[in-house]
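These notes concern the structure reproduced below.
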Amino acid sequence: MSQPKAPLRHFLQFKDFSRAEHEHVFARTRAIKDKFKRYERYWPLEDRTLAMIFEKPSTRTRMSFESGMHQLGGAAIYLYTRDSQLGRGEPVEDAAQVISRMCDIIMVRTFEQDIIERFARKSRVPVINGLTDEYHPCQILADVYTYIEQRGAIRGRTVAWIGDSNNVCNTWLQAAAIFDFKLHISTPPGYEVEPERMNRNAETFADPMAAARGAHLVTTDVWTSMGFEAENEERRKAFHDWQVDAEMMKAAAKDALFMHCLPAHRGEEVAAEVIDGPQSVVWEEAENRLHTQKALLEFLLLGKVSGS
């Protein structure tokens, strides 16, 4: 019997899915994760192939997508652009047309958002954003799910983002609008969020302690994202007061959680006592990349699957 096929959809930004679709993916995440924990085989994507195209290297993105596809019964192929024709100047549009004829779904981890948008326009199969300089939707998919798993509904809660206004911050902004929670953002001068990215759910704070006050979730990222290494020393000075430490977590809500997309630099954006402390859920968050992405792969390839 042939497997069902979902209409062609891409996941290039968090806002590509409605709240109802995200909630469906979360429901499927719970079911799929439960099967994983019970060592129950679940192969809805048997004979399906995921192509993973990396222009930026990764640990968590490769592990979670490759393991996830195998656990769903499919296969994953790793392509590093430097070892392919993409790294030798082949047009993105040409690569998309060829690769999408040879697999069922594609994950791309690259620099400019425009690259993945151009790729998706020519692809015959779903394309997933594994990270660009502008957005990291798979990370926030896991982060929001982790909060819900640990504390229940995120609607009406407050999330504090401390640090750089990078791709993860940009994606939190989209999530806040979709799930209707408050987002407090504190960045050093010169590293603010572009005004056009702000929405009614978000508020900026010059003082990071004020942003964290009363927050139900405090989250951050490295001071220097991939591709900005030349600014490392300058950023160390600018971000000095934007470390999430024990004092900041005390200002947050009593049951506040701490998250970090990893890798983390203890002593820089986060104190060791926080990331290794009782409020930290960074390891659960990292594991949930695997489970939320399995649900995402299922949704993009099969549509809305019901049942356990």
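To be explicit about the labels: the chains of the structure tokens are called A, B, and onward in the order shown, and within each one the residues are counted from 1, while ligands get numbers from 1 in the order they are shown.
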Report the closest atom pair, with its distance in Å rounded to one decimal, for each residue of range 177-231 of chain A that has an atom no farther than 12 Å from range 260-272 of chain A; count only C-alpha atoms, sort by chain and then rising residue number, and write it as JSON lines.
```
{"residue": "A:Thr187", "atom": "CA", "partner": "A:Glu269", "partner_atom": "CA", "distance": 11.7}
{"residue": "A:Pro208", "atom": "CA", "partner": "A:Glu269", "partner_atom": "CA", "distance": 11.9}
{"residue": "A:Leu217", "atom": "CA", "partner": "A:His260", "partner_atom": "CA", "distance": 10.7}
{"residue": "A:Val218", "atom": "CA", "partner": "A:His260", "partner_atom": "CA", "distance": 8.8}
{"residue": "A:Thr219", "atom": "CA", "partner": "A:His260", "partner_atom": "CA", "distance": 5.7}
{"residue": "A:Thr220", "atom": "CA", "partner": "A:His260", "partner_atom": "CA", "distance": 5.5}
{"residue": "A:Asp221", "atom": "CA", "partner": "A:His260", "partner_atom": "CA", "distance": 5.8}
{"residue": "A:Val222", "atom": "CA", "partner": "A:Glu269", "partner_atom": "CA", "distance": 5.9}
{"residue": "A:Trp223", "atom": "CA", "partner": "A:Glu269", "partner_atom": "CA", "distance": 6.3}
{"residue": "A:Thr224", "atom": "CA", "partner": "A:Glu269", "partner_atom": "CA", "distance": 9.7}
{"residue": "A:Ser225", "atom": "CA", "partner": "A:Pro263", "partner_atom": "CA", "distance": 10.3}
{"residue": "A:Met226", "atom": "CA", "partner": "A:Pro263", "partner_atom": "CA", "distance": 11.0}
```
Counting only C-alpha atoms, which residues in range 99-141 of chain A sit no more than 10 Å from range 63-83 of chain A? For each one, give the nearest pair of atoms and the distance in Å, sorted by chain then residue number, as JSON lines.
```
{"residue": "A:Cys103", "atom": "CA", "partner": "A:Ile77", "partner_atom": "CA", "distance": 9.2}
{"residue": "A:Asp104", "atom": "CA", "partner": "A:Gly74", "partner_atom": "CA", "distance": 9.9}
{"residue": "A:Ile105", "atom": "CA", "partner": "A:Ala76", "partner_atom": "CA", "distance": 9.6}
{"residue": "A:Ile106", "atom": "CA", "partner": "A:Ala76", "partner_atom": "CA", "distance": 9.5}
{"residue": "A:Met107", "atom": "CA", "partner": "A:Phe65", "partner_atom": "CA", "distance": 8.4}
{"residue": "A:Val108", "atom": "CA", "partner": "A:Leu79", "partner_atom": "CA", "distance": 9.5}
{"residue": "A:Arg109", "atom": "CA", "partner": "A:Tyr80", "partner_atom": "CA", "distance": 9.7}
{"residue": "A:Thr110", "atom": "CA", "partner": "A:Thr81", "partner_atom": "CA", "distance": 9.4}
{"residue": "A:Gly130", "atom": "CA", "partner": "A:Phe65", "partner_atom": "CA", "distance": 9.1}
```
Would you export the selected residues with N, CA and C atoms as an mmCIF file, in the first residue's frame, please?
```cif
data_model
loop_
_atom_site.group_PDB
_atom_site.id
_atom_site.type_symbol
_atom_site.label_atom_id
_atom_site.label_comp_id
_atom_site.auth_asym_id
_atom_site.auth_seq_id
_atom_site.Cartn_x
_atom_site.Cartn_y
_atom_site.Cartn_z
ATOM 1 N N CYS A 103 15.370 12.724 -3.657
ATOM 2 C CA CYS A 103 15.054 12.440 -2.259
ATOM 3 C C CYS A 103 13.634 12.924 -1.972
ATOM 4 N N ASP A 104 13.198 12.731 -0.744
ATOM 5 C CA ASP A 104 11.814 13.041 -0.377
ATOM 6 C C ASP A 104 11.664 14.321 0.424
ATOM 7 N N ILE A 105 12.729 14.751 1.074
ATOM 8 C CA ILE A 105 12.689 15.944 1.906
ATOM 9 C C ILE A 105 14.119 16.437 2.089
ATOM 10 N N ILE A 106 14.284 17.742 2.289
ATOM 11 C CA ILE A 106 15.625 18.336 2.337
ATOM 12 C C ILE A 106 15.739 19.275 3.526
ATOM 13 N N MET A 107 16.842 19.189 4.244
ATOM 14 C CA MET A 107 17.167 20.147 5.298
ATOM 15 C C MET A 107 18.397 20.920 4.849
ATOM 16 N N VAL A 108 18.345 22.240 4.965
ATOM 17 C CA VAL A 108 19.466 23.086 4.556
ATOM 18 C C VAL A 108 19.911 23.936 5.739
ATOM 19 N N ARG A 109 21.208 23.948 5.995
ATOM 20 C CA ARG A 109 21.805 24.789 7.051
ATOM 21 C C ARG A 109 22.829 25.682 6.363
ATOM 22 N N THR A 110 22.504 26.987 6.264
ATOM 23 C CA THR A 110 23.316 27.860 5.433
ATOM 24 C C THR A 110 23.435 29.246 6.060
ATOM 25 N N GLY A 130 17.463 24.397 8.637
ATOM 26 C CA GLY A 130 18.252 23.880 9.750
ATOM 27 C C GLY A 130 19.044 24.956 10.456
#
```
Find the spatial neighbours of Lys35 in chain A, counting only C-alpha atoms, within a cut-off of 12 Å - ignore same-chain residues fewer than 5 positions away - and output them as a PyMOL selection string. chain A and resi 28-30+40-43+71-72+291+294+308
Take the residues from that selection and write them out as a tab-separated table (two decimals), in the first residue's frame, keeping C-alpha atoms.
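Wrote it out as out.tsv, contents follow:
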```tsv
chain	number	residue	atom	x	y	z
A	28	ARG	CA	2.83	14.18	17.57
A	29	THR	CA	6.13	14.93	19.35
A	30	ARG	CA	4.65	13.63	22.60
A	40	GLU	CA	8.77	0.82	20.27
A	41	ARG	CA	9.61	0.78	16.58
A	42	TYR	CA	7.80	3.42	14.56
A	43	TRP	CA	8.67	3.54	10.86
A	71	GLN	CA	14.40	6.16	13.84
A	72	LEU	CA	11.42	6.85	11.56
A	291	HIS	CA	11.70	14.43	18.85
A	294	LYS	CA	10.77	13.72	13.87
A	308	SER	CA	-0.74	7.27	19.15
```
With only C-alpha atoms as the atoms that count, which of A:Met248, A:Phe14, A:Ile116, A:Thr61 lies nearest to Ala176 in chain A?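 The answer is A:Phe14, which sits nearest to Ala176 in chain A.
If you measure from each of A:Glu273, A:Glu55, A:Asp164, A:Glu90 to Phe111 in chain A using only C-alpha atoms, the closest one turns out to be A:Glu55.
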